[in-house]
Each structure stands twice: as structure tokens, then as C-alpha cells.
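Remarks on the structure that follows.
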Amino acid sequence: MKYRISELAERCGVNKETIRYYERLGLLSEPSRTNAGYRMYPEEFVNRLQFIKRMQDLGFSLAEINKLLGIVDKDNERCKDMYVFVVQKIDEVQKKIRDLKRIEHMLINLKDCCPDEKSLHECPIIETLMY
């Protein structure tokens with residue numbers, strides 16, 4: 001089955017411009033065209049677009065998704081390259097978790113600086129942050 005761009009966009013829950021953007025980035029290859037110039041997307045584009053959206057939902061950047069798709073599209077050494085990518089991503093996620101925990105602790109400490117009376121003119125949180 002082949003889809004026009006609007007049909008593909010609707011089927012995958014994305015905008016037509018998103019599909020064109022992904023083509024410009026190389027995430028999607030240029031599809032075949034009809035004699036009238038309409039893009040015609042084969043069924044495998046549905047899977048690819050759904051993969052891209054799933055990875056974005058998981059927090060992957062388009063650059064990372066492009067790298068992942070490069071691994072997926074390769075015939076040789078896919079598994080090794082995917083393993084390296086996953087190990088690097090785990091390290092990045094763990095670093096973000098550590099950073100978020102530091103931010104959480106800082107915010108808890110700031111909250112604890114605040115007295116029970118919330119209508120004070122001088123805010124201890126602002127004072128702590130400013131000086």
C-alpha cells in the first residue's frame with residue numbers, strides 16, 4: 001500500500017511539514033513520485049515514522065534518532081553499534097538523573113528557608129538566590 005503525504009501524516013499522527021522536515025534531515029528517504037509529482041510513501045515509512053515518534057517520546061533527540069536509524073539501516077555490525085549507542089545513552093541518562101537530584105535537593109533547601117508566613121515582603125528564597 002502507498003500513501004500520499006497527507007494520508008501518511010494522518011495515519012502516523014504528525015503534520016505534513018514534519019514529514020518534509022524529516023526528509024530534509026535524512027530521517028526519511030525521498031519517496032517515489034507519481035507522474036503528477038505527488039509523493040507516494042510505501043508502508044515501511046509508517047513503521048519508520050512510528051519508530052521516530054516513539055524514540056522522541058522516550059526523550060531521544062532527532063540527532064540521536066538519526067544515529068539510531070543509521071545503525072538500523074546498516075547491514076554489518078548492527079548489534080555492536082547498537083550496544084555502544086545504548087551504553088552511551090545510559091551514561092547520559094544517569095548523568096541527567098544525578099543533575100535532577102541535585103536540583104531537587106537545592107529546591108527542597110530553598111523551600112525550607114521559607115517561613116510559614118507567605119505574605120512577607122522580603123522573600124527568603126529570592127534573597128538566598130540573589131546573594
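Residues in the C-alpha cells are named by chain (A, B, ... in the order shown) and by number from 1 within that chain; ligands are numbered from 1 in the order shown.
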>> When you look at region 82-87 of chain A with a cut-off of 12 Å (counting only C-alpha atoms), what residues show up, excluding the ones that are within fewer than 6 positions of it in the same chain? I need them as a PyMOL selection string.
In response: chain A and resi 60+64-74+76+93-94
Write the residues you've just listed into a file as a JSON list (two decimals), in the first residue's frame, and include N, CA and C atoms for each of them.
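This is the output file again_7.json:
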[["chain", "number", "residue", "atom", "x", "y", "z"],
["A", 60, "PHE", "N", 14.67, 10.94, 23.10],
["A", 60, "PHE", "CA", 15.80, 10.97, 22.18],
["A", 60, "PHE", "C", 15.68, 12.19, 21.27],
["A", 64, "GLU", "N", 20.07, 11.97, 17.70],
["A", 64, "GLU", "CA", 20.24, 10.61, 18.22],
["A", 64, "GLU", "C", 19.41, 9.61, 17.42],
["A", 65, "ILE", "N", 18.20, 10.02, 17.06],
["A", 65, "ILE", "CA", 17.34, 9.15, 16.26],
["A", 65, "ILE", "C", 17.97, 8.90, 14.90],
["A", 66, "ASN", "N", 18.56, 9.93, 14.33],
["A", 66, "ASN", "CA", 19.24, 9.77, 13.04],
["A", 66, "ASN", "C", 20.38, 8.77, 13.16],
["A", 67, "LYS", "N", 21.12, 8.87, 14.26],
["A", 67, "LYS", "CA", 22.22, 7.93, 14.50],
["A", 67, "LYS", "C", 21.67, 6.50, 14.67],
["A", 68, "LEU", "N", 20.59, 6.38, 15.42],
["A", 68, "LEU", "CA", 19.96, 5.07, 15.61],
["A", 68, "LEU", "C", 19.49, 4.48, 14.28],
["A", 69, "LEU", "N", 18.86, 5.32, 13.47],
["A", 69, "LEU", "CA", 18.38, 4.84, 12.17],
["A", 69, "LEU", "C", 19.55, 4.44, 11.27],
["A", 70, "GLY", "N", 20.66, 5.14, 11.41],
["A", 70, "GLY", "CA", 21.86, 4.75, 10.66],
["A", 70, "GLY", "C", 22.31, 3.36, 11.05],
["A", 71, "ILE", "N", 22.20, 3.05, 12.34],
["A", 71, "ILE", "CA", 22.56, 1.71, 12.82],
["A", 71, "ILE", "C", 21.56, 0.69, 12.30],
["A", 72, "VAL", "N", 20.27, 1.04, 12.38],
["A", 72, "VAL", "CA", 19.21, 0.13, 11.93],
["A", 72, "VAL", "C", 19.37, -0.17, 10.44],
["A", 73, "ASP", "N", 19.73, 0.84, 9.66],
["A", 73, "ASP", "CA", 19.84, 0.68, 8.21],
["A", 73, "ASP", "C", 21.08, -0.08, 7.77],
["A", 74, "LYS", "N", 22.07, -0.19, 8.67],
["A", 74, "LYS", "CA", 23.31, -0.89, 8.32],
["A", 74, "LYS", "C", 23.10, -2.39, 8.29],
["A", 76, "ASN", "N", 25.97, -4.59, 8.36],
["A", 76, "ASN", "CA", 27.06, -5.19, 9.13],
["A", 76, "ASN", "C", 27.22, -4.49, 10.48],
["A", 93, "VAL", "N", 21.72, 9.38, 30.52],
["A", 93, "VAL", "CA", 20.51, 9.37, 31.34],
["A", 93, "VAL", "C", 20.87, 9.39, 32.81],
["A", 94, "GLN", "N", 21.86, 8.60, 33.20],
["A", 94, "GLN", "CA", 22.28, 8.58, 34.60],
["A", 94, "GLN", "C", 22.82, 9.93, 35.04]]
> Hey, can you check how far CA of Leu49 (chain A) sits from CA of Arg11 (chain A)?
Replying inline: 9.9 Å
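CA of Tyr3 (chain A) sits 7.6 Å away from CA of Glu43 (chain A).
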>> Report, in Å to a single decimal, how far apart CA of Glu23 (chain A) and CA of Ile52 (chain A) are.
In response: 12.3 Å
>> So that I can check the secondary structure, give me every residue of chain A assigned strand (DSSP E or B) by backbone DSSP, as a ChimeraX atom specification.
In response: /A:2-3,32-33,39-42
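Shortest atom-to-atom contact with Ile108 (chain A) among A:Met55, A:Leu8, A:Ile125, A:Lys95: A:Ile125, counting only C-alpha atoms.
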> Got a sec: who's within 7 Å of Met40 (chain A), counting only C-alpha atoms, leaving out chain neighbours fewer than 5 positions off, as a PyMOL selection string?
Replying inline: chain A and resi 2-5+31-34
Next, dump the selected residues to file, keeping only C-alpha atoms, as a compact mmCIF listing (two decimals), in the first residue's frame.
# COMPACT_ATOMS: atom_id res chain seq x y z
CA LYS A 2 1.19 3.50 -0.77
CA TYR A 3 0.18 6.75 0.89
CA ARG A 4 0.12 10.37 -0.17
CA ILE A 5 1.81 12.69 2.31
CA PRO A 31 9.80 8.76 -1.73
CA SER A 32 8.82 7.94 -5.25
CA ARG A 33 6.53 10.37 -7.04
CA THR A 34 3.58 10.00 -9.33
> Skipping near chain neighbours, those fewer than 3 positions away, what residues fall within 12 Å of Ile126 (chain A) using only C-alpha atoms, listed as a list of chain:residue names?
Replying inline: A:Leu107, A:Leu110, A:Lys111, A:Cys113, A:Cys114, A:Leu120, A:His121, A:Glu122, A:Cys123, A:Leu129, A:Met130, A:Tyr131
Keeping only N, CA, C and O atoms, write the selected residues as a PDB file, in the first residue's frame.
ATOM      1  N   LEU A 107      16.123  22.774  45.553  1.00  0.00           N
ATOM      2  CA  LEU A 107      14.775  23.332  45.691  1.00  0.00           C
ATOM      3  C   LEU A 107      14.171  23.011  47.056  1.00  0.00           C
ATOM      4  O   LEU A 107      13.502  23.854  47.660  1.00  0.00           O
ATOM      5  N   LEU A 110      15.699  25.375  49.447  1.00  0.00           N
ATOM      6  CA  LEU A 110      15.111  26.706  49.287  1.00  0.00           C
ATOM      7  C   LEU A 110      13.727  26.769  49.926  1.00  0.00           C
ATOM      8  O   LEU A 110      13.387  27.745  50.599  1.00  0.00           O
ATOM      9  N   LYS A 111      12.934  25.751  49.715  1.00  0.00           N
ATOM     10  CA  LYS A 111      11.596  25.697  50.295  1.00  0.00           C
ATOM     11  C   LYS A 111      11.669  25.742  51.820  1.00  0.00           C
ATOM     12  O   LYS A 111      10.878  26.419  52.479  1.00  0.00           O
ATOM     13  N   CYS A 113      13.787  27.253  53.569  1.00  0.00           N
ATOM     14  CA  CYS A 113      14.158  28.604  54.016  1.00  0.00           C
ATOM     15  C   CYS A 113      12.929  29.478  54.233  1.00  0.00           C
ATOM     16  O   CYS A 113      13.015  30.512  54.894  1.00  0.00           O
ATOM     17  N   CYS A 114      11.820  29.068  53.658  1.00  0.00           N
ATOM     18  CA  CYS A 114      10.621  29.900  53.685  1.00  0.00           C
ATOM     19  C   CYS A 114       9.867  29.724  55.003  1.00  0.00           C
ATOM     20  O   CYS A 114       9.563  28.601  55.406  1.00  0.00           O
ATOM     21  N   LEU A 120       5.116  37.796  53.495  1.00  0.00           N
ATOM     22  CA  LEU A 120       6.232  38.698  53.797  1.00  0.00           C
ATOM     23  C   LEU A 120       6.654  39.444  52.540  1.00  0.00           C
ATOM     24  O   LEU A 120       6.616  38.908  51.429  1.00  0.00           O
ATOM     25  N   HIS A 121       7.086  40.685  52.732  1.00  0.00           N
ATOM     26  CA  HIS A 121       7.570  41.465  51.590  1.00  0.00           C
ATOM     27  C   HIS A 121       8.919  40.937  51.109  1.00  0.00           C
ATOM     28  O   HIS A 121       9.161  40.831  49.912  1.00  0.00           O
ATOM     29  N   GLU A 122       9.794  40.612  52.039  1.00  0.00           N
ATOM     30  CA  GLU A 122      11.111  40.102  51.677  1.00  0.00           C
ATOM     31  C   GLU A 122      11.049  38.576  51.628  1.00  0.00           C
ATOM     32  O   GLU A 122      10.809  37.921  52.632  1.00  0.00           O
ATOM     33  N   CYS A 123      11.287  38.043  50.469  1.00  0.00           N
ATOM     34  CA  CYS A 123      11.198  36.590  50.268  1.00  0.00           C
ATOM     35  C   CYS A 123      12.552  35.940  50.544  1.00  0.00           C
ATOM     36  O   CYS A 123      13.545  36.257  49.872  1.00  0.00           O
ATOM     37  N   LEU A 129      18.725  33.155  46.626  1.00  0.00           N
ATOM     38  CA  LEU A 129      19.152  33.013  45.227  1.00  0.00           C
ATOM     39  C   LEU A 129      19.970  34.217  44.737  1.00  0.00           C
ATOM     40  O   LEU A 129      20.880  34.071  43.931  1.00  0.00           O
ATOM     41  N   MET A 130      19.627  35.396  45.234  1.00  0.00           N
ATOM     42  CA  MET A 130      20.272  36.615  44.757  1.00  0.00           C
ATOM     43  C   MET A 130      21.634  36.837  45.386  1.00  0.00           C
ATOM     44  O   MET A 130      22.501  37.463  44.790  1.00  0.00           O
ATOM     45  N   TYR A 131      21.854  36.344  46.603  1.00  0.00           N
ATOM     46  CA  TYR A 131      23.104  36.683  47.303  1.00  0.00           C
ATOM     47  C   TYR A 131      23.828  35.480  47.742  1.00  0.00           C
ATOM     48  O   TYR A 131      23.656  34.468  47.978  1.00  0.00           O
TER      49      TYR A 131
END
>> Please extract the residues of chain A with a backbone DSSP assignment of helix (DSSP H, G or I) and present them as a ChimeraX atom specification.
In response: /A:5-12,16-25,43-57,62-73,78-113,124-130
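Nearest to Leu25 (chain A) of all the residues A:Ile97, A:Ile90, A:Ala63, A:Ala9 is A:Ala63, counting only C-alpha atoms.
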